[in-house]
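Structure first, then comments.
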Amino acid sequence: MNMPTMLDRALQALTKMAIEPEWEAIFEPNSYGFRPGRSLHDAMSQIHRYTSQKEKYILDADIKGCFDNINHQKLHSKINTIPYIKYLIKGWLKMGVLNEERGFEPTKAGTPQGGVISPLLANIALHGMENDLKQAYSSKEGYPQIVRYADDFVIFHEKESGIIKAKRVVEEWVKEIGLELKPSKTRFSHTLRRYEGNVGFDFLGFTVRQFSVGKHKSARNKYRKILGFKVIIRPSKQTVTNHIAQTKTIIRKHRHSPQEALIVQLNPVVRGWARSYRTQASKRTFETCDYYLWWQLMRWAKYRQGGGTHKQMEKRYWKDGKFTANEKYRLRMHNETPIIRHIKVQGNRSP
């Protein structure tokens, strides 16, 4: 049996502090990322819950250089653990960087880039944002709702004045830990109608938006009243474009490879991507991706054959409409992945 390493013990101690009594009082149920049971699917389920019943204004924000600029003192003050672990973390943060051109450089801010502990430390540094944001509002103003995934977060409020105030409060809050919002990725929007040139928002590779629909397709509130809109969450255009470009690159690299080798390379990419996005309204997106993939494969087949008609290519490389080399090697298309709704893990069930 392997003995736990020093890093394992440190990670266990840091994770344990999230369930200590003094931390339960400021537990943030809408903080996601880098922990079991706090996946991006949990975050998207919470967003659907916030947007399914009312029209809301949105602040879609991102923190500039989060992992590079975290204030070490502020981070240390939030780590509630034994002195030995604090000393160990301080050593990691101050270890410095070895640059090929400039030599050794001390690290005065930020967390180790690529380090296994960096995501956890970033989550600790941003802990308290949700509670402090809500404390800045009164019941008369209405409280904002926030969903944060690491350094990306989105804030909802029913009033325009409320969402403008949210940006001001968050900007002041992140300054205290040495950070700032990234102007190019921070914008206002609205879930249903155009606001400041935007409708809906993109978050974690998904596009979230409310659409006006008739009474038979409309969402209803708890009193069964027709709301006149429906929330649809689907993969974002940029995500789809990147995925299509990825499959195209793989196919071009395997122009001279046998069909079996191409299928072996494509299957993990196609199935993995489809599984990541199968929890939302992705059926039409899967069909679109399959359409582009079919044409990419047809170009591959024509290149190998030196030309020919579509029927000739399909007869050689497709069997029963499937891109198949033999019984063992068959390409699994996107639409073969069923849509399965994600069951959100309750906020207090995971540290």
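In the structure tokens, chains take letters A, B, ... by order of appearance, with residues numbered from 1 within each chain and ligands from 1 in the order shown.
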
Per-residue nearest contacts range 24-109 of chain A to range 124-137 of chain A, cut-off 8 Å, using only C-alpha atoms, as JSON lines:
{"residue": "A:Ile26", "atom": "CA", "partner": "A:Asn131", "partner_atom": "CA", "distance": 7.0}
{"residue": "A:Glu28", "atom": "CA", "partner": "A:Glu130", "partner_atom": "CA", "distance": 6.6}
{"residue": "A:Asn30", "atom": "CA", "partner": "A:Glu130", "partner_atom": "CA", "distance": 7.9}
{"residue": "A:Ile70", "atom": "CA", "partner": "A:Ala125", "partner_atom": "CA", "distance": 7.3}
{"residue": "A:Lys74", "atom": "CA", "partner": "A:Ala125", "partner_atom": "CA", "distance": 7.2}
{"residue": "A:Leu75", "atom": "CA", "partner": "A:Ala125", "partner_atom": "CA", "distance": 5.1}
{"residue": "A:Lys78", "atom": "CA", "partner": "A:Ile124", "partner_atom": "CA", "distance": 6.8}
{"residue": "A:Ile79", "atom": "CA", "partner": "A:Ile124", "partner_atom": "CA", "distance": 7.3}

Dump of C-alpha atoms for the selected residues, as a tab-separated table (two decimals), in the first residue's frame:
chain	number	residue	atom	x	y	z
A	26	ILE	CA	-20.26	31.16	4.59
A	28	GLU	CA	-21.30	29.22	-1.27
A	30	ASN	CA	-23.17	28.35	-6.44
A	70	ILE	CA	-3.82	36.67	-6.87
A	74	LYS	CA	-5.29	37.79	0.95
A	75	LEU	CA	-5.05	34.15	-0.06
A	78	LYS	CA	-8.54	32.67	3.76
A	79	ILE	CA	-6.70	29.39	4.28

Quick one: everything within 12 Å of Ile233 in chain A, counting only C-alpha atoms, minus sequence neighbours fewer than 5 positions away in the same chain. Send it as a PDB file with all heavy atoms, in the first residue's frame.
ATOM      1  N   HIS A  41     -21.656  20.729 -15.600  1.00  0.00           N
ATOM      2  CA  HIS A  41     -23.060  20.352 -15.792  1.00  0.00           C
ATOM      3  C   HIS A  41     -23.910  20.792 -14.598  1.00  0.00           C
ATOM      4  O   HIS A  41     -25.077  21.163 -14.762  1.00  0.00           O
ATOM      5  CB  HIS A  41     -23.170  18.845 -15.996  1.00  0.00           C
ATOM      6  CG  HIS A  41     -22.413  18.351 -17.191  1.00  0.00           C
ATOM      7  ND1 HIS A  41     -22.616  18.857 -18.456  1.00  0.00           N
ATOM      8  CD2 HIS A  41     -21.441  17.417 -17.323  1.00  0.00           C
ATOM      9  CE1 HIS A  41     -21.816  18.252 -19.316  1.00  0.00           C
ATOM     10  NE2 HIS A  41     -21.089  17.375 -18.649  1.00  0.00           N
ATOM     11  N   MET A  44     -24.476  24.530 -15.152  1.00  0.00           N
ATOM     12  CA  MET A  44     -25.478  24.806 -16.180  1.00  0.00           C
ATOM     13  C   MET A  44     -26.887  24.472 -15.694  1.00  0.00           C
ATOM     14  O   MET A  44     -27.855  25.160 -16.056  1.00  0.00           O
ATOM     15  CB  MET A  44     -25.157  24.021 -17.458  1.00  0.00           C
ATOM     16  CG  MET A  44     -23.830  24.379 -18.102  1.00  0.00           C
ATOM     17  SD  MET A  44     -23.505  26.157 -18.286  1.00  0.00           S
ATOM     18  CE  MET A  44     -24.881  26.649 -19.321  1.00  0.00           C
ATOM     19  N   SER A  45     -27.017  23.450 -14.871  1.00  0.00           N
ATOM     20  CA  SER A  45     -28.330  23.128 -14.302  1.00  0.00           C
ATOM     21  C   SER A  45     -28.827  24.253 -13.403  1.00  0.00           C
ATOM     22  O   SER A  45     -30.012  24.588 -13.401  1.00  0.00           O
ATOM     23  CB  SER A  45     -28.256  21.813 -13.507  1.00  0.00           C
ATOM     24  OG  SER A  45     -27.963  20.728 -14.348  1.00  0.00           O
ATOM     25  N   GLN A  46     -27.906  24.849 -12.638  1.00  0.00           N
ATOM     26  CA  GLN A  46     -28.278  25.962 -11.772  1.00  0.00           C
ATOM     27  C   GLN A  46     -28.662  27.190 -12.593  1.00  0.00           C
ATOM     28  O   GLN A  46     -29.615  27.902 -12.248  1.00  0.00           O
ATOM     29  CB  GLN A  46     -27.126  26.303 -10.830  1.00  0.00           C
ATOM     30  CG  GLN A  46     -27.466  27.311  -9.757  1.00  0.00           C
ATOM     31  CD  GLN A  46     -28.533  26.809  -8.796  1.00  0.00           C
ATOM     32  OE1 GLN A  46     -28.630  25.613  -8.539  1.00  0.00           O
ATOM     33  NE2 GLN A  46     -29.341  27.707  -8.273  1.00  0.00           N
ATOM     34  N   ILE A  47     -27.955  27.439 -13.675  1.00  0.00           N
ATOM     35  CA  ILE A  47     -28.299  28.555 -14.560  1.00  0.00           C
ATOM     36  C   ILE A  47     -29.694  28.356 -15.155  1.00  0.00           C
ATOM     37  O   ILE A  47     -30.483  29.299 -15.247  1.00  0.00           O
ATOM     38  CB  ILE A  47     -27.235  28.701 -15.667  1.00  0.00           C
ATOM     39  CG1 ILE A  47     -25.954  29.293 -15.077  1.00  0.00           C
ATOM     40  CG2 ILE A  47     -27.741  29.574 -16.807  1.00  0.00           C
ATOM     41  CD1 ILE A  47     -24.800  29.367 -16.050  1.00  0.00           C
ATOM     42  N   HIS A  48     -30.006  27.136 -15.563  1.00  0.00           N
ATOM     43  CA  HIS A  48     -31.344  26.857 -16.098  1.00  0.00           C
ATOM     44  C   HIS A  48     -32.413  27.140 -15.041  1.00  0.00           C
ATOM     45  O   HIS A  48     -33.481  27.686 -15.349  1.00  0.00           O
ATOM     46  CB  HIS A  48     -31.426  25.408 -16.570  1.00  0.00           C
ATOM     47  CG  HIS A  48     -32.706  25.079 -17.265  1.00  0.00           C
ATOM     48  ND1 HIS A  48     -33.857  24.719 -16.584  1.00  0.00           N
ATOM     49  CD2 HIS A  48     -33.033  25.083 -18.596  1.00  0.00           C
ATOM     50  CE1 HIS A  48     -34.834  24.500 -17.453  1.00  0.00           C
ATOM     51  NE2 HIS A  48     -34.369  24.717 -18.667  1.00  0.00           N
ATOM     52  N   ARG A  49     -32.120  26.798 -13.816  1.00  0.00           N
ATOM     53  CA  ARG A  49     -33.069  27.045 -12.730  1.00  0.00           C
ATOM     54  C   ARG A  49     -33.299  28.542 -12.523  1.00  0.00           C
ATOM     55  O   ARG A  49     -34.419  28.987 -12.291  1.00  0.00           O
ATOM     56  CB  ARG A  49     -32.547  26.402 -11.438  1.00  0.00           C
ATOM     57  CG  ARG A  49     -33.463  26.553 -10.243  1.00  0.00           C
ATOM     58  CD  ARG A  49     -32.900  25.810  -9.048  1.00  0.00           C
ATOM     59  NE  ARG A  49     -32.760  24.387  -9.305  1.00  0.00           N
ATOM     60  CZ  ARG A  49     -32.253  23.514  -8.435  1.00  0.00           C
ATOM     61  NH1 ARG A  49     -31.809  23.947  -7.252  1.00  0.00           N
ATOM     62  NH2 ARG A  49     -32.156  22.240  -8.742  1.00  0.00           N
ATOM     63  N   THR A  51     -32.992  30.934 -14.777  1.00  0.00           N
ATOM     64  CA  THR A  51     -33.533  31.630 -15.948  1.00  0.00           C
ATOM     65  C   THR A  51     -34.851  31.048 -16.455  1.00  0.00           C
ATOM     66  O   THR A  51     -35.427  31.593 -17.406  1.00  0.00           O
ATOM     67  CB  THR A  51     -32.514  31.590 -17.102  1.00  0.00           C
ATOM     68  OG1 THR A  51     -32.172  30.216 -17.394  1.00  0.00           O
ATOM     69  CG2 THR A  51     -31.244  32.344 -16.735  1.00  0.00           C
ATOM     70  N   SER A  52     -35.334  29.988 -15.885  1.00  0.00           N
ATOM     71  CA  SER A  52     -36.509  29.301 -16.441  1.00  0.00           C
ATOM     72  C   SER A  52     -37.836  29.943 -16.058  1.00  0.00           C
ATOM     73  O   SER A  52     -38.859  29.650 -16.685  1.00  0.00           O
ATOM     74  CB  SER A  52     -36.515  27.828 -15.995  1.00  0.00           C
ATOM     75  OG  SER A  52     -36.590  27.746 -14.576  1.00  0.00           O
ATOM     76  N   THR A 191     -31.772  38.074 -20.839  1.00  0.00           N
ATOM     77  CA  THR A 191     -32.078  36.699 -21.211  1.00  0.00           C
ATOM     78  C   THR A 191     -33.032  36.600 -22.393  1.00  0.00           C
ATOM     79  O   THR A 191     -32.973  35.637 -23.160  1.00  0.00           O
ATOM     80  CB  THR A 191     -32.678  35.946 -20.016  1.00  0.00           C
ATOM     81  OG1 THR A 191     -33.786  36.698 -19.503  1.00  0.00           O
ATOM     82  CG2 THR A 191     -31.648  35.735 -18.924  1.00  0.00           C
ATOM     83  N   GLY A 200     -29.006  37.064 -24.406  1.00  0.00           N
ATOM     84  CA  GLY A 200     -28.452  35.832 -23.869  1.00  0.00           C
ATOM     85  C   GLY A 200     -26.960  35.960 -23.607  1.00  0.00           C
ATOM     86  O   GLY A 200     -26.384  37.058 -23.669  1.00  0.00           O
ATOM     87  N   PHE A 201     -26.298  34.831 -23.345  1.00  0.00           N
ATOM     88  CA  PHE A 201     -24.864  34.861 -23.051  1.00  0.00           C
ATOM     89  C   PHE A 201     -24.263  33.484 -23.263  1.00  0.00           C
ATOM     90  O   PHE A 201     -24.973  32.471 -23.290  1.00  0.00           O
ATOM     91  CB  PHE A 201     -24.622  35.317 -21.603  1.00  0.00           C
ATOM     92  CG  PHE A 201     -25.175  34.375 -20.562  1.00  0.00           C
ATOM     93  CD1 PHE A 201     -24.353  33.453 -19.919  1.00  0.00           C
ATOM     94  CD2 PHE A 201     -26.524  34.401 -20.212  1.00  0.00           C
ATOM     95  CE1 PHE A 201     -24.856  32.583 -18.967  1.00  0.00           C
ATOM     96  CE2 PHE A 201     -27.033  33.542 -19.259  1.00  0.00           C
ATOM     97  CZ  PHE A 201     -26.196  32.635 -18.633  1.00  0.00           C
ATOM     98  N   ASP A 202     -22.950  33.459 -23.447  1.00  0.00           N
ATOM     99  CA  ASP A 202     -22.191  32.212 -23.558  1.00  0.00           C
ATOM    100  C   ASP A 202     -21.468  31.955 -22.243  1.00  0.00           C
ATOM    101  O   ASP A 202     -20.868  32.875 -21.667  1.00  0.00           O
ATOM    102  CB  ASP A 202     -21.164  32.297 -24.688  1.00  0.00           C
ATOM    103  CG  ASP A 202     -21.821  32.332 -26.064  1.00  0.00           C
ATOM    104  OD1 ASP A 202     -23.039  32.110 -26.134  1.00  0.00           O
ATOM    105  OD2 ASP A 202     -21.108  32.588 -27.052  1.00  0.00           O
ATOM    106  N   PHE A 203     -21.509  30.691 -21.788  1.00  0.00           N
ATOM    107  CA  PHE A 203     -20.867  30.348 -20.525  1.00  0.00           C
ATOM    108  C   PHE A 203     -20.448  28.890 -20.562  1.00  0.00           C
ATOM    109  O   PHE A 203     -21.266  27.997 -20.843  1.00  0.00           O
ATOM    110  CB  PHE A 203     -21.846  30.587 -19.369  1.00  0.00           C
ATOM    111  CG  PHE A 203     -21.214  30.523 -17.997  1.00  0.00           C
ATOM    112  CD1 PHE A 203     -20.289  31.470 -17.589  1.00  0.00           C
ATOM    113  CD2 PHE A 203     -21.555  29.513 -17.114  1.00  0.00           C
ATOM    114  CE1 PHE A 203     -19.716  31.418 -16.326  1.00  0.00           C
ATOM    115  CE2 PHE A 203     -20.981  29.452 -15.853  1.00  0.00           C
ATOM    116  CZ  PHE A 203     -20.068  30.405 -15.453  1.00  0.00           C
ATOM    117  N   LEU A 204     -19.166  28.630 -20.349  1.00  0.00           N
ATOM    118  CA  LEU A 204     -18.610  27.282 -20.293  1.00  0.00           C
ATOM    119  C   LEU A 204     -18.898  26.485 -21.569  1.00  0.00           C
ATOM    120  O   LEU A 204     -19.153  25.285 -21.525  1.00  0.00           O
ATOM    121  CB  LEU A 204     -19.171  26.529 -19.074  1.00  0.00           C
ATOM    122  CG  LEU A 204     -18.947  27.184 -17.712  1.00  0.00           C
ATOM    123  CD1 LEU A 204     -19.571  26.344 -16.614  1.00  0.00           C
ATOM    124  CD2 LEU A 204     -17.465  27.391 -17.446  1.00  0.00           C
ATOM    125  N   GLY A 205     -18.885  27.174 -22.720  1.00  0.00           N
ATOM    126  CA  GLY A 205     -19.095  26.480 -23.979  1.00  0.00           C
ATOM    127  C   GLY A 205     -20.553  26.331 -24.373  1.00  0.00           C
ATOM    128  O   GLY A 205     -20.848  25.739 -25.422  1.00  0.00           O
ATOM    129  N   PHE A 206     -21.474  26.845 -23.576  1.00  0.00           N
ATOM    130  CA  PHE A 206     -22.897  26.787 -23.882  1.00  0.00           C
ATOM    131  C   PHE A 206     -23.433  28.189 -24.154  1.00  0.00           C
ATOM    132  O   PHE A 206     -22.888  29.171 -23.657  1.00  0.00           O
ATOM    133  CB  PHE A 206     -23.682  26.186 -22.710  1.00  0.00           C
ATOM    134  CG  PHE A 206     -23.472  24.709 -22.507  1.00  0.00           C
ATOM    135  CD1 PHE A 206     -22.498  24.248 -21.631  1.00  0.00           C
ATOM    136  CD2 PHE A 206     -24.245  23.783 -23.190  1.00  0.00           C
ATOM    137  CE1 PHE A 206     -22.307  22.889 -21.437  1.00  0.00           C
ATOM    138  CE2 PHE A 206     -24.054  22.422 -23.003  1.00  0.00           C
ATOM    139  CZ  PHE A 206     -23.086  21.973 -22.126  1.00  0.00           C
ATOM    140  N   THR A 207     -24.508  28.271 -24.934  1.00  0.00           N
ATOM    141  CA  THR A 207     -25.247  29.509 -25.138  1.00  0.00           C
ATOM    142  C   THR A 207     -26.577  29.403 -24.411  1.00  0.00           C
ATOM    143  O   THR A 207     -27.316  28.428 -24.613  1.00  0.00           O
ATOM    144  CB  THR A 207     -25.497  29.781 -26.637  1.00  0.00           C
ATOM    145  OG1 THR A 207     -24.242  30.008 -27.285  1.00  0.00           O
ATOM    146  CG2 THR A 207     -26.368  31.006 -26.825  1.00  0.00           C
ATOM    147  N   VAL A 208     -26.856  30.384 -23.566  1.00  0.00           N
ATOM    148  CA  VAL A 208     -28.089  30.401 -22.773  1.00  0.00           C
ATOM    149  C   VAL A 208     -28.952  31.557 -23.247  1.00  0.00           C
ATOM    150  O   VAL A 208     -28.479  32.698 -23.306  1.00  0.00           O
ATOM    151  CB  VAL A 208     -27.783  30.554 -21.264  1.00  0.00           C
ATOM    152  CG1 VAL A 208     -29.072  30.489 -20.446  1.00  0.00           C
ATOM    153  CG2 VAL A 208     -26.794  29.493 -20.805  1.00  0.00           C
ATOM    154  N   ARG A 209     -30.208  31.273 -23.549  1.00  0.00           N
ATOM    155  CA  ARG A 209     -31.100  32.327 -24.031  1.00  0.00           C
ATOM    156  C   ARG A 209     -32.561  31.917 -23.856  1.00  0.00           C
ATOM    157  O   ARG A 209     -32.887  30.723 -23.932  1.00  0.00           O
ATOM    158  CB  ARG A 209     -30.818  32.620 -25.502  1.00  0.00           C
ATOM    159  CG  ARG A 209     -31.609  33.785 -26.068  1.00  0.00           C
ATOM    160  CD  ARG A 209     -31.245  34.057 -27.511  1.00  0.00           C
ATOM    161  NE  ARG A 209     -32.178  34.995 -28.120  1.00  0.00           N
ATOM    162  CZ  ARG A 209     -32.152  35.359 -29.395  1.00  0.00           C
ATOM    163  NH1 ARG A 209     -31.217  34.867 -30.201  1.00  0.00           N
ATOM    164  NH2 ARG A 209     -33.038  36.208 -29.876  1.00  0.00           N
ATOM    165  N   GLN A 210     -33.413  32.902 -23.615  1.00  0.00           N
ATOM    166  CA  GLN A 210     -34.857  32.691 -23.587  1.00  0.00           C
ATOM    167  C   GLN A 210     -35.429  33.057 -24.961  1.00  0.00           C
ATOM    168  O   GLN A 210     -35.031  34.057 -25.554  1.00  0.00           O
ATOM    169  CB  GLN A 210     -35.520  33.554 -22.511  1.00  0.00           C
ATOM    170  CG  GLN A 210     -35.130  33.177 -21.093  1.00  0.00           C
ATOM    171  CD  GLN A 210     -35.657  34.171 -20.069  1.00  0.00           C
ATOM    172  OE1 GLN A 210     -36.025  35.280 -20.414  1.00  0.00           O
ATOM    173  NE2 GLN A 210     -35.662  33.771 -18.809  1.00  0.00           N
ATOM    174  N   PHE A 211     -36.376  32.261 -25.445  1.00  0.00           N
ATOM    175  CA  PHE A 211     -37.017  32.503 -26.730  1.00  0.00           C
ATOM    176  C   PHE A 211     -38.520  32.666 -26.529  1.00  0.00           C
ATOM    177  O   PHE A 211     -39.138  31.892 -25.789  1.00  0.00           O
ATOM    178  CB  PHE A 211     -36.752  31.343 -27.692  1.00  0.00           C
ATOM    179  CG  PHE A 211     -35.333  31.243 -28.157  1.00  0.00           C
ATOM    180  CD1 PHE A 211     -34.405  30.511 -27.431  1.00  0.00           C
ATOM    181  CD2 PHE A 211     -34.912  31.870 -29.319  1.00  0.00           C
ATOM    182  CE1 PHE A 211     -33.088  30.408 -27.851  1.00  0.00           C
ATOM    183  CE2 PHE A 211     -33.601  31.778 -29.746  1.00  0.00           C
ATOM    184  CZ  PHE A 211     -32.684  31.055 -29.019  1.00  0.00           C
ATOM    185  N   TYR A 277     -21.702  17.565 -24.094  1.00  0.00           N
ATOM    186  CA  TYR A 277     -22.783  18.501 -24.385  1.00  0.00           C
ATOM    187  C   TYR A 277     -24.158  17.830 -24.486  1.00  0.00           C
ATOM    188  O   TYR A 277     -25.126  18.455 -24.902  1.00  0.00           O
ATOM    189  CB  TYR A 277     -22.479  19.254 -25.679  1.00  0.00           C
ATOM    190  CG  TYR A 277     -21.293  20.179 -25.533  1.00  0.00           C
ATOM    191  CD1 TYR A 277     -20.012  19.764 -25.868  1.00  0.00           C
ATOM    192  CD2 TYR A 277     -21.451  21.458 -25.005  1.00  0.00           C
ATOM    193  CE1 TYR A 277     -18.919  20.597 -25.701  1.00  0.00           C
ATOM    194  CE2 TYR A 277     -20.363  22.298 -24.839  1.00  0.00           C
ATOM    195  CZ  TYR A 277     -19.109  21.868 -25.188  1.00  0.00           C
ATOM    196  OH  TYR A 277     -18.025  22.706 -25.007  1.00  0.00           O
ATOM    197  N   ARG A 278     -24.245  16.579 -24.066  1.00  0.00           N
ATOM    198  CA  ARG A 278     -25.512  15.856 -24.208  1.00  0.00           C
ATOM    199  C   ARG A 278     -26.530  16.184 -23.121  1.00  0.00           C
ATOM    200  O   ARG A 278     -27.657  15.719 -23.180  1.00  0.00           O
ATOM    201  CB  ARG A 278     -25.249  14.343 -24.187  1.00  0.00           C
ATOM    202  CG  ARG A 278     -24.786  13.807 -22.843  1.00  0.00           C
ATOM    203  CD  ARG A 278     -24.597  12.319 -22.896  1.00  0.00           C
ATOM    204  NE  ARG A 278     -24.110  11.778 -21.618  1.00  0.00           N
ATOM    205  CZ  ARG A 278     -23.883  10.491 -21.389  1.00  0.00           C
ATOM    206  NH1 ARG A 278     -24.096   9.608 -22.348  1.00  0.00           N
ATOM    207  NH2 ARG A 278     -23.444  10.079 -20.212  1.00  0.00           N
ATOM    208  N   THR A 279     -26.154  16.978 -22.124  1.00  0.00           N
ATOM    209  CA  THR A 279     -27.071  17.265 -21.025  1.00  0.00           C
ATOM    210  C   THR A 279     -28.034  18.400 -21.331  1.00  0.00           C
ATOM    211  O   THR A 279     -28.934  18.671 -20.539  1.00  0.00           O
ATOM    212  CB  THR A 279     -26.280  17.616 -19.749  1.00  0.00           C
ATOM    213  OG1 THR A 279     -25.465  18.767 -19.999  1.00  0.00           O
ATOM    214  CG2 THR A 279     -25.399  16.462 -19.315  1.00  0.00           C
ATOM    215  N   GLN A 280     -27.841  19.089 -22.456  1.00  0.00           N
ATOM    216  CA  GLN A 280     -28.707  20.220 -22.802  1.00  0.00           C
ATOM    217  C   GLN A 280     -29.362  19.970 -24.169  1.00  0.00           C
ATOM    218  O   GLN A 280     -29.318  18.858 -24.693  1.00  0.00           O
ATOM    219  CB  GLN A 280     -27.893  21.518 -22.795  1.00  0.00           C
ATOM    220  CG  GLN A 280     -27.193  21.819 -21.480  1.00  0.00           C
ATOM    221  CD  GLN A 280     -28.152  22.026 -20.318  1.00  0.00           C
ATOM    222  OE1 GLN A 280     -29.316  22.388 -20.504  1.00  0.00           O
ATOM    223  NE2 GLN A 280     -27.679  21.796 -19.102  1.00  0.00           N
ATOM    224  N   ALA A 281     -29.966  21.011 -24.739  1.00  0.00           N
ATOM    225  CA  ALA A 281     -30.698  20.875 -26.005  1.00  0.00           C
ATOM    226  C   ALA A 281     -29.715  20.833 -27.173  1.00  0.00           C
ATOM    227  O   ALA A 281     -29.541  21.820 -27.903  1.00  0.00           O
ATOM    228  CB  ALA A 281     -31.680  22.030 -26.160  1.00  0.00           C
ATOM    229  N   SER A 282     -29.063  19.700 -27.365  1.00  0.00           N
ATOM    230  CA  SER A 282     -27.962  19.597 -28.330  1.00  0.00           C
ATOM    231  C   SER A 282     -28.284  18.723 -29.538  1.00  0.00           C
ATOM    232  O   SER A 282     -27.404  18.478 -30.359  1.00  0.00           O
ATOM    233  CB  SER A 282     -26.715  19.041 -27.631  1.00  0.00           C
ATOM    234  OG  SER A 282     -26.347  19.822 -26.527  1.00  0.00           O
ATOM    235  N   LYS A 283     -29.512  18.244 -29.662  1.00  0.00           N
ATOM    236  CA  LYS A 283     -29.831  17.301 -30.738  1.00  0.00           C
ATOM    237  C   LYS A 283     -29.583  17.905 -32.112  1.00  0.00           C
ATOM    238  O   LYS A 283     -28.941  17.293 -32.981  1.00  0.00           O
ATOM    239  CB  LYS A 283     -31.295  16.862 -30.612  1.00  0.00           C
ATOM    240  CG  LYS A 283     -31.637  15.621 -31.439  1.00  0.00           C
ATOM    241  CD  LYS A 283     -30.880  14.411 -30.915  1.00  0.00           C
ATOM    242  CE  LYS A 283     -31.247  13.160 -31.699  1.00  0.00           C
ATOM    243  NZ  LYS A 283     -30.474  11.985 -31.231  1.00  0.00           N
ATOM    244  N   ARG A 284     -30.071  19.130 -32.343  1.00  0.00           N
ATOM    245  CA  ARG A 284     -29.862  19.772 -33.641  1.00  0.00           C
ATOM    246  C   ARG A 284     -28.386  20.067 -33.876  1.00  0.00           C
ATOM    247  O   ARG A 284     -27.890  19.977 -35.005  1.00  0.00           O
ATOM    248  CB  ARG A 284     -30.673  21.059 -33.719  1.00  0.00           C
ATOM    249  CG  ARG A 284     -32.174  20.844 -33.866  1.00  0.00           C
ATOM    250  CD  ARG A 284     -32.891  22.157 -34.099  1.00  0.00           C
ATOM    251  NE  ARG A 284     -34.328  21.979 -34.223  1.00  0.00           N
ATOM    252  CZ  ARG A 284     -35.180  22.979 -34.422  1.00  0.00           C
ATOM    253  NH1 ARG A 284     -34.736  24.234 -34.509  1.00  0.00           N
ATOM    254  NH2 ARG A 284     -36.477  22.744 -34.526  1.00  0.00           N
ATOM    255  N   THR A 285     -27.687  20.430 -32.824  1.00  0.00           N
ATOM    256  CA  THR A 285     -26.248  20.691 -32.954  1.00  0.00           C
ATOM    257  C   THR A 285     -25.513  19.425 -33.358  1.00  0.00           C
ATOM    258  O   THR A 285     -24.607  19.464 -34.203  1.00  0.00           O
ATOM    259  CB  THR A 285     -25.684  21.224 -31.626  1.00  0.00           C
ATOM    260  OG1 THR A 285     -26.404  22.400 -31.246  1.00  0.00           O
ATOM    261  CG2 THR A 285     -24.212  21.561 -31.760  1.00  0.00           C
ATOM    262  N   ARG A 341     -30.500  14.278 -19.414  1.00  0.00           N
ATOM    263  CA  ARG A 341     -30.482  15.432 -18.521  1.00  0.00           C
ATOM    264  C   ARG A 341     -29.655  15.129 -17.273  1.00  0.00           C
ATOM    265  O   ARG A 341     -29.756  14.048 -16.699  1.00  0.00           O
ATOM    266  CB  ARG A 341     -31.907  15.825 -18.115  1.00  0.00           C
ATOM    267  CG  ARG A 341     -32.796  16.208 -19.286  1.00  0.00           C
ATOM    268  CD  ARG A 341     -32.212  17.346 -20.083  1.00  0.00           C
ATOM    269  NE  ARG A 341     -33.067  17.727 -21.209  1.00  0.00           N
ATOM    270  CZ  ARG A 341     -32.704  18.557 -22.162  1.00  0.00           C
ATOM    271  NH1 ARG A 341     -31.493  19.096 -22.159  1.00  0.00           N
ATOM    272  NH2 ARG A 341     -33.529  18.858 -23.152  1.00  0.00           N
TER     273      ARG A 341
END

Practice prompt. Check range 108-303 of chain A with DSSP on the backbone and list each residue it calls helix (DSSP H, G or I), as a PyMOL selection string.
Written response: chain A and resi 118-125+129-135+160-175+183-185+237-253+259-276+283-303

Item to complete: Give me, please, the distance in Å between CA of Lys165 in chain A and CA of Pro29 in chain A, quoted to one decimal.
Response: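 Interatomic distance, CA of Lys165 in chain A to CA of Pro29 in chain A: 22.0 Å.
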
Item to complete: Extract, using only C-alpha atoms, all DNA, RNA and protein residues at most 12 Å from Ala274 in chain A, discarding same-chain residues fewer than 6 positions from it, and format them as number ranges by chain.
Response: A: 234-235, 239-240, 243, 267-268, 280-287, 289-290, 332-340

Residues just named, written with C-alpha atoms as a compact mmCIF listing (two decimals), in the first residue's frame:
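Ended up saving to result11.txt:
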# COMPACT_ATOMS: atom_id res chain seq x y z
CA ARG A 234 -27.21 24.59 -26.45
CA PRO A 235 -23.51 24.40 -27.42
CA THR A 239 -17.58 25.64 -29.48
CA VAL A 240 -19.15 23.97 -32.51
CA HIS A 243 -14.96 21.05 -32.80
CA ASN A 267 -14.10 8.04 -32.22
CA PRO A 268 -12.72 9.37 -28.89
CA GLN A 280 -28.71 20.22 -22.80
CA ALA A 281 -30.70 20.88 -26.00
CA SER A 282 -27.96 19.60 -28.33
CA LYS A 283 -29.83 17.30 -30.74
CA ARG A 284 -29.86 19.77 -33.64
CA THR A 285 -26.25 20.69 -32.95
CA PHE A 286 -25.27 17.01 -33.15
CA GLU A 287 -27.02 16.73 -36.52
CA CYS A 289 -21.80 18.36 -36.65
CA ASP A 290 -22.63 15.04 -38.37
CA ARG A 332 -19.79 6.60 -33.83
CA MET A 333 -21.53 9.75 -35.04
CA HIS A 334 -22.68 12.59 -32.78
CA ASN A 335 -26.39 11.82 -33.01
CA GLU A 336 -25.79 8.31 -31.67
CA THR A 337 -25.23 9.91 -28.26
CA PRO A 338 -28.63 10.27 -26.54
CA ILE A 339 -29.63 13.44 -24.73
CA ILE A 340 -29.55 12.70 -20.99

Worksheet item: Quick one: DSSP strand (DSSP E) residues in range 173-254 of chain A, as a list of chain:residue names?
Response: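 Answer for range 173-254 of chain A restricted to strand (DSSP E) is A:Glu180, A:Leu181, A:Arg187, A:Phe188, A:Ser189, A:His190, A:Phe201, A:Asp202, A:Phe203, A:Phe206, A:Thr207, A:Val208, A:Arg209, A:Gln210, A:Phe211, A:Ser212, A:Phe229, A:Lys230, A:Val231, A:Ile232, A:Ile233, A:Arg234, A:Pro235.
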
Item to complete: Show which residues sit within 12 Å of range 294-304 of chain A, as a VMD selection string. Count only C-alpha atoms, and ignore same-chain residues fewer than 3 positions away.
Response: chain A and resid 244 to 259 262 to 263 266 287 to 291 307 to 318 321 to 324 331 to 334
